[in-house]
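What follows is the content of input.txt, which has compact mmCIF, C-alpha atoms:
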# COMPACT_ATOMS: atom_id res chain seq x y z
CA MET D 264 0.00 0.00 0.00
CA ASN D 265 2.82 2.34 0.85
CA LYS D 266 4.39 1.65 -2.54
CA ILE D 267 1.18 2.61 -4.33
CA VAL D 268 1.00 5.93 -2.48
CA LYS D 269 4.66 6.52 -3.20
CA TYR D 270 4.17 5.91 -6.94
CA ILE D 271 1.13 8.18 -6.99
CA LEU D 272 3.08 11.02 -5.38
CA ILE D 273 5.94 10.58 -7.82
CA GLY D 274 3.47 10.67 -10.73
CA VAL D 275 1.85 13.83 -9.43
CA LEU D 276 5.23 15.50 -9.07
CA VAL D 277 6.25 14.54 -12.60
CA LEU D 278 2.98 15.81 -14.07
CA GLY D 279 3.32 19.06 -12.12
CA ALA D 280 6.87 19.52 -13.41
CA LEU D 281 5.78 18.88 -16.99
CA TRP D 282 2.90 21.34 -16.66
CA ALA D 283 5.17 24.02 -15.21
CA ALA D 284 7.69 23.51 -18.01
CA ALA D 285 4.98 23.73 -20.66
CA PHE D 286 3.57 26.90 -19.10
CA PHE D 287 7.02 28.46 -18.93
CA ILE D 288 7.77 27.68 -22.56
CA LYS D 289 4.38 28.95 -23.69
CA SER D 290 4.64 32.18 -21.75
CA ASN D 291 8.15 32.91 -23.02
CA SER D 292 7.23 32.17 -26.62
CA LYS D 293 4.96 35.23 -26.65
CA SER D 294 6.37 38.75 -27.00
CA ALA D 295 6.66 40.57 -23.68
CA ILE D 296 5.86 43.87 -25.42
CA GLU D 297 2.89 44.59 -27.62
CA TYR D 298 4.03 46.97 -30.38
CA GLU D 299 1.68 49.45 -31.97
CA THR D 300 2.00 50.40 -35.63
CA LYS D 301 1.44 53.48 -37.75
CA THR D 302 0.92 53.83 -41.47
CA PRO D 303 2.39 56.55 -43.71
CA PHE D 304 0.14 59.49 -44.55
CA VAL D 305 0.12 62.43 -46.96
CA ALA D 306 0.91 65.89 -45.65
CA SER D 307 2.74 69.11 -46.42
CA ILE D 308 6.09 69.50 -44.74
CA GLU D 309 8.32 72.50 -44.19
CA LYS D 310 11.93 72.67 -43.12
CA LYS D 311 12.41 75.78 -41.03
CA THR D 312 15.13 77.53 -39.15
CA VAL D 313 14.87 80.16 -36.45
CA ALA D 314 17.12 83.21 -36.21
CA THR D 315 17.34 84.98 -32.86
CA GLY D 316 17.84 88.71 -32.70
CA LYS D 317 15.97 91.94 -32.00
CA VAL D 318 13.75 94.52 -33.65
CA VAL D 319 15.29 97.98 -34.04
CA PRO D 320 14.43 101.17 -35.97
CA GLU D 321 15.73 101.31 -39.52
CA ASP D 322 17.34 104.72 -38.89
CA GLU D 323 18.32 106.37 -35.62
CA VAL D 324 19.35 110.03 -35.76
CA GLU D 325 21.54 111.51 -33.03
CA ILE D 326 20.98 115.20 -32.32
CA LYS D 327 24.21 117.02 -31.37
CA PRO D 328 24.86 120.68 -30.47
CA GLN D 329 26.50 123.18 -32.79
CA ILE D 330 28.30 124.92 -29.93
CA THR D 331 29.81 124.06 -26.56
CA GLY D 332 27.82 125.01 -23.48
CA ILE D 333 25.54 123.83 -20.69
CA ILE D 334 22.04 122.39 -21.02
CA ASP D 335 19.81 125.22 -19.77
CA LYS D 336 16.35 123.65 -20.35
CA ILE D 337 14.95 120.38 -21.74
CA PHE D 338 11.41 120.72 -23.07
CA LEU D 339 10.54 117.14 -24.12
CA GLU D 340 10.78 113.67 -22.63
CA GLU D 341 11.75 110.26 -23.97
CA GLY D 342 8.90 108.69 -25.92
CA ALA D 343 7.55 112.01 -27.18
CA ASP D 344 6.58 112.24 -30.85
CA VAL D 345 8.30 115.11 -32.64
CA LYS D 346 8.33 116.72 -36.04
CA ALA D 347 11.34 118.17 -37.81
CA GLY D 348 12.04 121.59 -36.30
CA ASP D 349 10.46 120.97 -32.89
CA LEU D 350 12.43 122.47 -29.98
CA ILE D 351 14.00 119.82 -27.73
CA ALA D 352 16.38 121.79 -25.50
CA VAL D 353 18.23 125.07 -25.09
CA ILE D 354 21.95 125.50 -24.45
CA LYS D 355 23.41 128.31 -22.37
CA VAL D 356 26.76 129.44 -23.67
CA VAL D 357 29.50 129.61 -21.05
CA PRO D 358 32.48 131.17 -22.78
CA ASN D 359 35.99 130.06 -22.07
CA GLU D 360 37.76 132.91 -20.29
CA GLN D 361 41.01 132.46 -22.16
CA SER D 362 39.27 132.35 -25.55
CA LEU D 363 37.15 135.36 -24.62
CA ASN D 364 40.24 137.35 -23.61
CA GLN D 365 42.00 136.43 -26.85
CA ALA D 366 38.95 137.53 -28.86
CA GLN D 367 38.84 140.85 -27.02
CA GLY D 368 42.54 141.36 -27.71
CA ARG D 369 42.02 140.63 -31.39
CA VAL D 370 39.25 143.24 -31.53
CA ARG D 371 41.49 145.86 -29.91
CA ASN D 372 44.35 145.06 -32.26
CA ALA D 373 42.02 145.33 -35.24
CA GLU D 374 40.75 148.69 -34.01
CA ILE D 375 44.31 150.01 -33.61
CA ALA D 376 45.29 148.77 -37.07
CA LEU D 377 42.18 150.33 -38.61
CA LYS D 378 42.84 153.64 -36.86
CA ASN D 379 46.38 153.83 -38.23
CA THR D 380 45.25 152.73 -41.70
CA THR D 381 42.46 155.34 -41.66
CA ILE D 382 44.91 158.14 -40.86
CA GLU D 383 47.22 157.05 -43.67
CA TYR D 384 44.31 156.63 -46.05
CA GLU D 385 42.82 160.10 -45.37
CA ARG D 386 46.20 161.82 -45.77
CA ASN D 387 46.99 160.09 -49.08
CA LYS D 388 43.46 160.65 -50.36
CA LYS D 389 44.03 164.44 -50.26
CA LEU D 390 47.39 164.03 -51.99
CA TYR D 391 45.72 161.88 -54.65
CA GLU D 392 43.06 164.52 -55.25
CA ARG D 393 45.84 167.07 -55.80
CA GLY D 394 47.62 164.74 -58.20
CA VAL D 395 50.67 164.29 -55.99
CA ILE D 396 50.51 160.44 -55.86
CA SER D 397 49.68 158.04 -58.63
CA ASN D 398 46.43 156.14 -59.07
CA GLN D 399 48.16 152.78 -58.36
CA ASP D 400 49.58 153.97 -55.05
CA PHE D 401 46.17 155.21 -53.95
CA ASN D 402 44.50 151.93 -54.94
CA ASN D 403 46.98 150.04 -52.74
CA LEU D 404 46.11 152.26 -49.80
CA GLN D 405 42.40 151.78 -50.52
CA LEU D 406 42.89 147.99 -50.38
CA GLN D 407 44.73 148.18 -47.05
CA PHE D 408 41.93 150.32 -45.61
CA ASP D 409 39.20 147.90 -46.74
CA GLN D 410 41.13 144.93 -45.33
CA ALA D 411 41.49 146.65 -41.98
CA VAL D 412 37.74 147.33 -41.84
CA GLN D 413 37.00 143.68 -42.69
CA GLU D 414 39.46 142.40 -40.09
CA LEU D 415 37.72 144.46 -37.38
CA ASP D 416 34.31 143.08 -38.41
CA ASN D 417 35.66 139.52 -38.28
CA ALA D 418 37.22 140.04 -34.86
CA LYS D 419 33.96 141.46 -33.46
CA ALA D 420 31.97 138.54 -34.94
CA ASP D 421 34.30 135.98 -33.38
CA TYR D 422 34.02 137.76 -30.06
CA ARG D 423 30.19 137.64 -30.18
CA ILE D 424 30.25 133.93 -31.07
CA ILE D 425 32.45 133.13 -28.09
CA ARG D 426 30.45 135.33 -25.71
CA ILE D 427 26.81 134.59 -26.69
CA GLY D 428 27.05 131.81 -29.27
CA SER D 429 26.02 133.75 -32.37
CA ALA D 430 27.66 136.30 -34.62
CA GLY D 431 24.38 138.00 -35.44
CA GLY D 432 23.60 139.05 -31.89
CA SER D 433 20.95 136.35 -31.37
CA ALA D 434 22.11 132.98 -30.04
CA SER D 435 18.88 131.11 -30.76
CA ALA D 436 20.13 129.72 -34.07
CA ASN D 437 22.88 127.79 -32.33
CA THR D 438 21.66 127.41 -28.76
CA ASP D 439 18.22 125.99 -29.67
CA ILE D 440 18.44 122.21 -30.11
CA ARG D 441 15.74 121.16 -32.57
CA ALA D 442 14.66 117.84 -34.07
CA THR D 443 16.07 117.29 -37.55
CA VAL D 444 13.67 114.45 -38.47
CA THR D 445 10.12 113.38 -37.66
CA GLY D 446 9.78 110.45 -35.27
CA THR D 447 9.88 109.42 -31.62
CA ILE D 448 12.50 110.43 -29.08
CA LEU D 449 14.13 107.16 -28.01
CA GLU D 450 16.63 108.58 -25.57
CA ILE D 451 17.74 111.83 -23.95
CA PRO D 452 21.04 110.89 -22.30
CA VAL D 453 21.70 114.35 -20.80
CA GLU D 454 20.13 116.38 -18.01
CA GLU D 455 19.77 120.07 -17.32
CA GLY D 456 23.05 121.55 -16.14
CA VAL D 457 25.20 119.04 -17.99
CA GLN D 458 28.02 120.44 -20.10
CA VAL D 459 27.94 119.49 -23.80
CA ILE D 460 30.46 119.92 -26.58
CA GLN D 461 30.07 120.26 -30.31
CA SER D 462 31.32 117.72 -32.83
CA ASN D 463 34.82 118.28 -34.20
CA ASN D 464 37.70 116.41 -35.77
CA PHE D 465 38.77 114.96 -32.43
CA ASN D 466 35.40 114.31 -30.77
CA ASP D 467 32.00 113.04 -31.91
CA GLY D 468 30.27 115.57 -29.73
CA THR D 469 27.64 115.11 -27.03
CA THR D 470 24.40 113.40 -28.06
CA ILE D 471 21.47 115.37 -26.69
CA ALA D 472 18.69 113.17 -28.12
CA THR D 473 18.18 110.12 -30.33
CA ILE D 474 15.18 110.13 -32.69
CA ALA D 475 13.80 107.30 -34.81
CA ASP D 476 10.66 106.47 -36.80
CA LEU D 477 9.09 103.49 -34.98
CA GLY D 478 6.92 102.83 -38.00
CA LYS D 479 9.97 101.67 -39.97
CA MET D 480 11.47 98.76 -38.08
CA ILE D 481 13.90 96.03 -39.11
CA PHE D 482 14.78 92.66 -37.66
CA GLU D 483 18.46 92.05 -36.92
CA GLY D 484 19.48 88.47 -36.24
CA LYS D 485 22.02 85.74 -36.94
CA VAL D 486 21.86 82.33 -38.62
CA ASP D 487 24.27 79.42 -38.61
CA GLU D 488 26.67 78.88 -41.51
CA GLY D 489 25.02 75.53 -42.29
CA GLU D 490 21.78 77.32 -43.21
CA VAL D 491 22.91 80.63 -44.69
CA ALA D 492 23.51 79.10 -48.14
CA LYS D 493 19.80 78.25 -48.37
CA LEU D 494 18.68 81.83 -47.78
CA GLU D 495 17.68 84.22 -50.56
CA LEU D 496 16.92 87.91 -50.51
CA GLY D 497 13.20 88.53 -50.53
CA MET D 498 12.34 85.40 -48.52
CA PRO D 499 9.34 85.87 -46.19
CA LEU D 500 9.95 85.91 -42.45
CA LYS D 501 7.63 85.45 -39.52
CA ILE D 502 8.68 87.61 -36.58
CA SER D 503 7.58 86.69 -33.06
CA LEU D 504 8.32 89.17 -30.29
CA GLY D 505 9.44 88.07 -26.86
CA ALA D 506 7.45 90.82 -25.14
CA VAL D 507 4.20 90.25 -27.09
CA GLU D 508 2.47 86.88 -26.96
CA ASP D 509 0.33 85.43 -29.76
CA LYS D 510 1.43 88.08 -32.23
CA GLU D 511 3.43 87.46 -35.41
CA LEU D 512 4.62 90.12 -37.82
CA ASP D 513 5.42 89.63 -41.49
CA ALA D 514 8.86 90.62 -42.75
CA GLU D 515 11.02 90.26 -45.83
CA LEU D 516 14.68 89.29 -45.87
CA ARG D 517 16.68 92.23 -47.23
CA PHE D 518 20.29 91.60 -46.20
CA ILE D 519 22.63 88.64 -45.71
CA ALA D 520 26.10 89.42 -44.41
CA PRO D 521 28.93 88.43 -46.80
CA LYS D 522 31.20 87.69 -43.84
CA GLY D 523 30.55 85.47 -40.85
CA ILE D 524 31.46 86.07 -37.22
CA GLU D 525 32.70 83.27 -35.02
CA GLU D 526 30.80 82.97 -31.76
CA THR D 527 31.37 80.19 -29.21
CA GLY D 528 33.00 78.00 -31.84
CA ALA D 529 30.28 78.45 -34.49
CA VAL D 530 30.24 80.84 -37.44
CA GLN D 531 27.17 83.09 -37.53
CA PHE D 532 25.99 85.37 -40.34
CA LYS D 533 24.03 88.55 -39.72
CA ILE D 534 20.70 88.99 -41.50
CA GLU D 535 18.20 91.85 -41.69
CA GLY D 536 14.54 91.91 -42.60
CA ASP D 537 12.05 94.71 -43.24
CA VAL D 538 9.24 94.35 -40.68
CA GLN D 539 5.70 95.27 -41.65
CA VAL D 540 4.29 97.13 -38.64
CA PRO D 541 0.49 97.56 -38.49
CA ASP D 542 -0.75 101.09 -37.93
CA ASP D 543 -2.51 100.12 -34.70
CA PHE D 544 0.46 98.27 -33.24
CA MET D 545 3.48 99.81 -31.52
CA ILE D 546 6.88 98.14 -31.34
CA ARG D 547 9.41 99.45 -28.87
CA ALA D 548 12.99 99.64 -30.08
CA GLY D 549 15.14 96.76 -28.90
CA TYR D 550 12.45 94.09 -28.45
CA SER D 551 14.00 90.62 -28.54
CA ALA D 552 12.57 88.61 -31.41
CA ASN D 553 12.79 85.34 -33.32
CA ALA D 554 12.49 85.10 -37.08
CA SER D 555 11.16 81.88 -38.62
CA LEU D 556 12.43 81.18 -42.15
CA VAL D 557 11.15 78.40 -44.40
CA LEU D 558 14.24 76.84 -45.99
CA GLU D 559 12.38 74.17 -47.96
CA LYS D 560 8.73 73.20 -48.44
CA LYS D 561 6.98 70.26 -50.10
CA ASP D 562 3.24 69.79 -50.50
CA SER D 563 1.31 66.50 -50.47
CA VAL D 564 4.17 64.09 -49.85
CA MET D 565 4.24 60.76 -47.99
CA VAL D 566 5.47 61.18 -44.44
CA ILE D 567 5.80 59.25 -41.21
CA PRO D 568 6.54 60.42 -37.67
CA GLU D 569 10.28 60.91 -37.30
CA ALA D 570 10.20 58.91 -34.06
CA LEU D 571 9.65 55.73 -36.11
CA LEU D 572 13.06 56.01 -37.76
CA GLN D 573 16.03 53.86 -36.84
CA PHE D 574 19.59 54.24 -38.07
CA ASP D 575 22.10 51.56 -38.84
CA LYS D 576 25.00 51.78 -36.40
CA LYS D 577 27.59 51.03 -39.06
CA THR D 578 26.31 52.87 -42.13
CA ASP D 579 24.06 55.42 -40.40
CA GLU D 580 21.43 54.68 -43.07
CA PRO D 581 17.78 55.06 -42.03
CA TYR D 582 15.39 52.13 -41.83
CA VAL D 583 12.10 51.09 -40.24
CA GLU D 584 10.56 47.83 -39.19
CA VAL D 585 7.40 46.84 -41.08
CA GLU D 586 4.81 44.37 -39.79
CA THR D 587 4.70 41.09 -41.71
CA GLY D 588 2.43 39.18 -39.32
CA GLU D 589 0.91 39.47 -35.88
CA GLN D 590 3.63 41.17 -33.83
CA GLN D 591 6.19 40.09 -36.40
CA PHE D 592 8.38 42.70 -38.10
CA GLU D 593 11.14 42.88 -40.63
CA ARG D 594 13.64 45.61 -41.46
CA LYS D 595 13.10 47.85 -44.50
CA ASP D 596 15.71 50.30 -45.71
CA ILE D 597 14.20 53.61 -46.77
CA GLU D 598 15.23 56.92 -48.30
CA ILE D 599 14.12 60.05 -46.47
CA GLY D 600 13.77 63.67 -47.55
CA ILE D 601 13.17 66.83 -45.54
CA SER D 602 12.01 66.89 -41.94
CA ASP D 603 10.29 69.48 -39.80
CA GLY D 604 11.37 67.83 -36.55
CA VAL D 605 8.06 65.98 -36.13
CA ASN D 606 7.41 64.27 -39.46
CA VAL D 607 9.88 63.19 -42.13
CA GLU D 608 9.37 62.76 -45.88
CA ILE D 609 9.62 59.21 -47.29
CA VAL D 610 11.19 59.29 -50.74
CA SER D 611 11.26 55.51 -51.30
CA GLY D 612 11.09 52.20 -49.47
CA LEU D 613 7.54 52.34 -48.10
CA SER D 614 3.99 52.20 -49.41
CA MET D 615 0.86 53.72 -47.95
CA GLU D 616 -0.33 50.28 -46.76
CA ASP D 617 2.78 49.42 -44.75
CA LYS D 618 2.41 49.25 -41.00
CA VAL D 619 5.51 50.65 -39.36
CA LYS D 620 6.56 49.55 -35.91
CA GLU D 621 6.28 52.17 -33.22
CA TRP D 622 9.02 51.89 -30.63
CA ASN D 623 8.03 51.95 -26.99
CA LYS D 624 10.00 54.32 -24.82
CA THR D 625 10.28 51.77 -22.03
CA GLU D 626 11.37 48.88 -24.26
CA PRO D 627 14.44 47.08 -22.84
CA ILE D 628 17.55 46.69 -24.93
CA LYS D 629 17.60 43.43 -26.83
CA LYS D 630 20.31 40.88 -26.26
CA GLY D 631 21.78 41.42 -29.71
CA GLU D 632 21.89 45.16 -29.10
CA GLU D 633 23.60 44.58 -25.75
CA GLU D 634 26.28 42.49 -27.45
CA ASP D 635 26.75 45.18 -30.15
CA GLU D 636 27.16 47.86 -27.50
CA GLU D 637 29.63 45.69 -25.57
CA GLU D 638 31.64 45.16 -28.75
CA GLU D 639 31.66 48.94 -29.43
CA ASP D 640 32.81 49.63 -25.86
CA THR D 641 35.59 47.06 -26.22
CA GLU D 642 36.74 48.56 -29.52
CA SER D 643 36.73 52.07 -28.06
CA GLU D 644 38.85 50.89 -25.14

Take the structure from the file and write it as structure tokens.
Amino acid sequence: MNKIVKYILIGVLVLGALWAAAFFIKSNSKSAIEYETKTPFVASIEKKTVATGKVVPEDEVEIKPQITGIIDKIFLEEGADVKAGDLIAVIKVVPNEQSLNQAQGRVRNAEIALKNTTIEYERNKKLYERGVISNQDFNNLQLQFDQAVQELDNAKADYRIIRIGSAGGSASANTDIRATVTGTILEIPVEEGVQVIQSNNFNDGTTIATIADLGKMIFEGKVDEGEVAKLELGMPLKISLGAVEDKELDAELRFIAPKGIEETGAVQFKIEGDVQVPDDFMIRAGYSANASLVLEKKDSVMVIPEALLQFDKKTDEPYVEVETGEQQFERKDIEIGISDGVNVEIVSGLSMEDKVKEWNKTEPIKKGEEEDEEEEDTESE
């Protein structure tokens, strides 16, 4: 009896082991991951690049004084709209004492010279009328007299300029700082009481105000050398402003720099675009902006999500895996075209009916891939 029980227990154990082995084999024969698939579709695709930069006025005019002095009064503020000829500020002339003294001395010297020349001229004029001296001698004396008169006038004019800022007796022509163009005052970098100097060969002069037309704005940005060859003058731009959300402005590419500038190891080329500013929209000078440029565009082409692509580790050629049966896939080499970062154009290698394997983000690395990576690590070492 004990033998029978013993044999029954052994039989049960053997059957249990066989069932466990069969279950293990069956469960491992199925794929641990269920892959989803996607089919190609027709869409339009654009290859774009983005240039970072800023929006600035096309022309900025700096208003500088015609004389040296001190700002006596400023009548306008930054942001004010002005027309050509509008008064911005007034300068009070503070003459240099040394220059003023020299001008006074020149006037006195001219007066002395004219006095002596006048005496000589009057004496010789009487002799000429009597026929004692020749006509040529008298003409020479007449010339000396006229030159002495002119020298005195010049000395007095210089003295008035140094003392009040104008030779005509009124300093308003030089001391009044007026707008030379119509636009908006962007900046007034001086204050009342500040000394200013005029522009000369050795100094640019003090800027009293900067004026620009905010209705004529341009985009200034930079693009990478790998994309500059694809740009053409006249290309449309879409300008998005950092300070204004949900607002895009149209622009047109008008300038591409012939020379690049190296920045942080990369060569950048400056570009400019004419921005079309709506009448009811105000752009402040210096807004940071991004310009979107369409480098290439294709309509109604076959595309797939770029995330479906794989690349051969040796040749770097693209391929996908196409479903051939239930959860069964095979590799297909393909040729791709342009990409917009989301979808990529399929030039050849796929049909509209193909079901392309979608890779799961959490999928573990396959054994073959582990071996390939180990081999690459060994070779690199």

Counting all atoms listed in the file, what is within 10 Å of Gly600 in chain D, bar same-chain residues fewer than 2 positions away, as a list in words?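 Those residues are Lys561, Val564, Met565, Val566, Glu598, Ser602, Val607, Glu608, Ile609, Val610 and Ser611 of chain D.
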
Using all atoms listed in the file, determine which residues lie at most 10 Å from Thr302 in chain D, disregarding the query and same-chain residues fewer than 2 positions distant; provide the list as an NGL selection string. :D and (300 or 304 or 566-568 or 585 or 613-621)

Selection: 6 Å around Gly316 in chain D, all atoms listed in the file, excl. self and same-chain fewer than 5 positions, as a ChimeraX atom specification: /D:483-484,551-552

Grab the CA of Phe532 in chain D to CA of Met498 in chain D distance for me, in Å with one decimal place.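 Atom-to-atom, CA of Phe532 in chain D to CA of Met498 in chain D, that is 15.9 Å.
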
Neighbour list for Ala492 in chain D as a ChimeraX atom specification, cut-off 10 Å, all atoms listed in the file, skip fewer than 4 positions in-chain: /D:487-488,519,558

What are the closest atom pairs, with distances in Å to one decimal, for each residue of range 484-602 of chain D lying within 10 Å of range 317-340 of chain D, using all atoms listed in the file, rows by chain and rising residue number, as JSON lines?
{"residue": "D:Gly484", "atom": "CA", "partner": "D:Lys317", "partner_atom": "CA", "distance": 6.5}
{"residue": "D:Lys485", "atom": "CA", "partner": "D:Lys317", "partner_atom": "CA", "distance": 10.0}
{"residue": "D:Ile502", "atom": "CA", "partner": "D:Val318", "partner_atom": "CA", "distance": 9.1}
{"residue": "D:Ser503", "atom": "CA", "partner": "D:Lys317", "partner_atom": "CA", "distance": 10.0}
{"residue": "D:Leu504", "atom": "CA", "partner": "D:Lys317", "partner_atom": "CA", "distance": 8.3}
{"residue": "D:Gly505", "atom": "CA", "partner": "D:Lys317", "partner_atom": "CA", "distance": 9.2}
{"residue": "D:Glu535", "atom": "CA", "partner": "D:Val318", "partner_atom": "CA", "distance": 9.6}
{"residue": "D:Gly536", "atom": "CA", "partner": "D:Val318", "partner_atom": "CA", "distance": 9.4}
{"residue": "D:Asp537", "atom": "CA", "partner": "D:Glu321", "partner_atom": "CA", "distance": 8.4}
{"residue": "D:Val538", "atom": "CA", "partner": "D:Val318", "partner_atom": "CA", "distance": 8.4}
{"residue": "D:Ile546", "atom": "CA", "partner": "D:Val318", "partner_atom": "CA", "distance": 8.1}
{"residue": "D:Arg547", "atom": "CA", "partner": "D:Val319", "partner_atom": "CA", "distance": 8.0}
{"residue": "D:Ala548", "atom": "CA", "partner": "D:Val319", "partner_atom": "CA", "distance": 4.9}
{"residue": "D:Gly549", "atom": "CA", "partner": "D:Val319", "partner_atom": "CA", "distance": 5.3}
{"residue": "D:Tyr550", "atom": "CA", "partner": "D:Val318", "partner_atom": "CA", "distance": 5.4}
{"residue": "D:Ser551", "atom": "CA", "partner": "D:Lys317", "partner_atom": "CA", "distance": 4.2}
{"residue": "D:Ala552", "atom": "CA", "partner": "D:Lys317", "partner_atom": "CA", "distance": 4.8}
{"residue": "D:Asn553", "atom": "CA", "partner": "D:Lys317", "partner_atom": "CA", "distance": 7.4}
{"residue": "D:Ala554", "atom": "CA", "partner": "D:Lys317", "partner_atom": "CA", "distance": 9.2}

Rounded to one decimal in Å, what is the spacing between CA of Ile382 in chain D and CA of Lys419 in chain D?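 According to the coordinates, CA of Ile382 in chain D and CA of Lys419 in chain D are separated by 21.3 Å.
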
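CA of Asp579 in chain D sits 23.9 Å away from CA of Gln591 in chain D.
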
Show me the residues close to (12.0, 70.9, -48.3) - anything with an atom within 6 Å, counting only C-alpha atoms - and format the list as a PDB file with C-alpha atoms, in the coordinates of the input.
ATOM      1  CA  GLU D 309       8.320  72.500 -44.190  1.00  0.00           C
ATOM      2  CA  LYS D 310      11.930  72.670 -43.120  1.00  0.00           C
ATOM      3  CA  GLU D 559      12.380  74.170 -47.960  1.00  0.00           C
ATOM      4  CA  LYS D 560       8.730  73.200 -48.440  1.00  0.00           C
ATOM      5  CA  LYS D 561       6.980  70.260 -50.100  1.00  0.00           C
ATOM      6  CA  ILE D 601      13.170  66.830 -45.540  1.00  0.00           C
TER       7      ILE D 601
END

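Closest approach to Gly456 in chain D among D:Lys301, D:Lys595, D:Lys576, D:Lys355: D:Lys355, based on only C-alpha atoms.
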
Fill-in result for range 448-464 of chain D, N, CA and C atoms as a CSV table (one decimal), keeping the file's coordinate frame:
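Final file, part-v2.csv:
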chain,number,residue,atom,x,y,z
D,448,ILE,N,11.2,110.3,-29.8
D,448,ILE,CA,12.5,110.4,-29.1
D,448,ILE,C,12.7,109.1,-28.3
D,449,LEU,N,13.8,108.4,-28.7
D,449,LEU,CA,14.1,107.2,-28.0
D,449,LEU,C,14.9,107.4,-26.7
D,450,GLU,N,15.7,108.4,-26.7
D,450,GLU,CA,16.6,108.6,-25.6
D,450,GLU,C,17.1,110.0,-25.5
D,451,ILE,N,17.1,110.5,-24.3
D,451,ILE,CA,17.7,111.8,-24.0
D,451,ILE,C,18.8,111.6,-22.9
D,452,PRO,N,20.0,111.3,-23.3
D,452,PRO,CA,21.0,110.9,-22.3
D,452,PRO,C,21.7,112.0,-21.5
D,453,VAL,N,21.1,113.2,-21.6
D,453,VAL,CA,21.7,114.4,-20.8
D,453,VAL,C,20.6,114.9,-19.9
D,454,GLU,N,21.0,115.7,-18.9
D,454,GLU,CA,20.1,116.4,-18.0
D,454,GLU,C,20.4,117.9,-18.0
D,455,GLU,N,19.5,118.6,-17.4
D,455,GLU,CA,19.8,120.1,-17.3
D,455,GLU,C,21.0,120.3,-16.4
D,456,GLY,N,21.8,121.2,-16.9
D,456,GLY,CA,23.0,121.6,-16.1
D,456,GLY,C,24.3,120.8,-16.6
D,457,VAL,N,24.1,119.8,-17.5
D,457,VAL,CA,25.2,119.0,-18.0
D,457,VAL,C,25.9,119.8,-19.1
D,458,GLN,N,27.2,119.8,-19.1
D,458,GLN,CA,28.0,120.4,-20.1
D,458,GLN,C,28.1,119.6,-21.3
D,459,VAL,N,27.9,120.2,-22.5
D,459,VAL,CA,27.9,119.5,-23.8
D,459,VAL,C,29.0,120.2,-24.7
D,460,ILE,N,29.5,119.4,-25.6
D,460,ILE,CA,30.5,119.9,-26.6
D,460,ILE,C,30.0,119.6,-28.0
D,461,GLN,N,30.4,120.4,-28.9
D,461,GLN,CA,30.1,120.3,-30.3
D,461,GLN,C,31.0,119.2,-31.0
D,462,SER,N,30.5,118.7,-32.1
D,462,SER,CA,31.3,117.7,-32.8
D,462,SER,C,32.5,118.4,-33.5
D,463,ASN,N,33.7,117.8,-33.5
D,463,ASN,CA,34.8,118.3,-34.2
D,463,ASN,C,35.7,117.1,-34.7
D,464,ASN,N,36.8,117.4,-35.2
D,464,ASN,CA,37.7,116.4,-35.8
D,464,ASN,C,38.2,115.4,-34.7
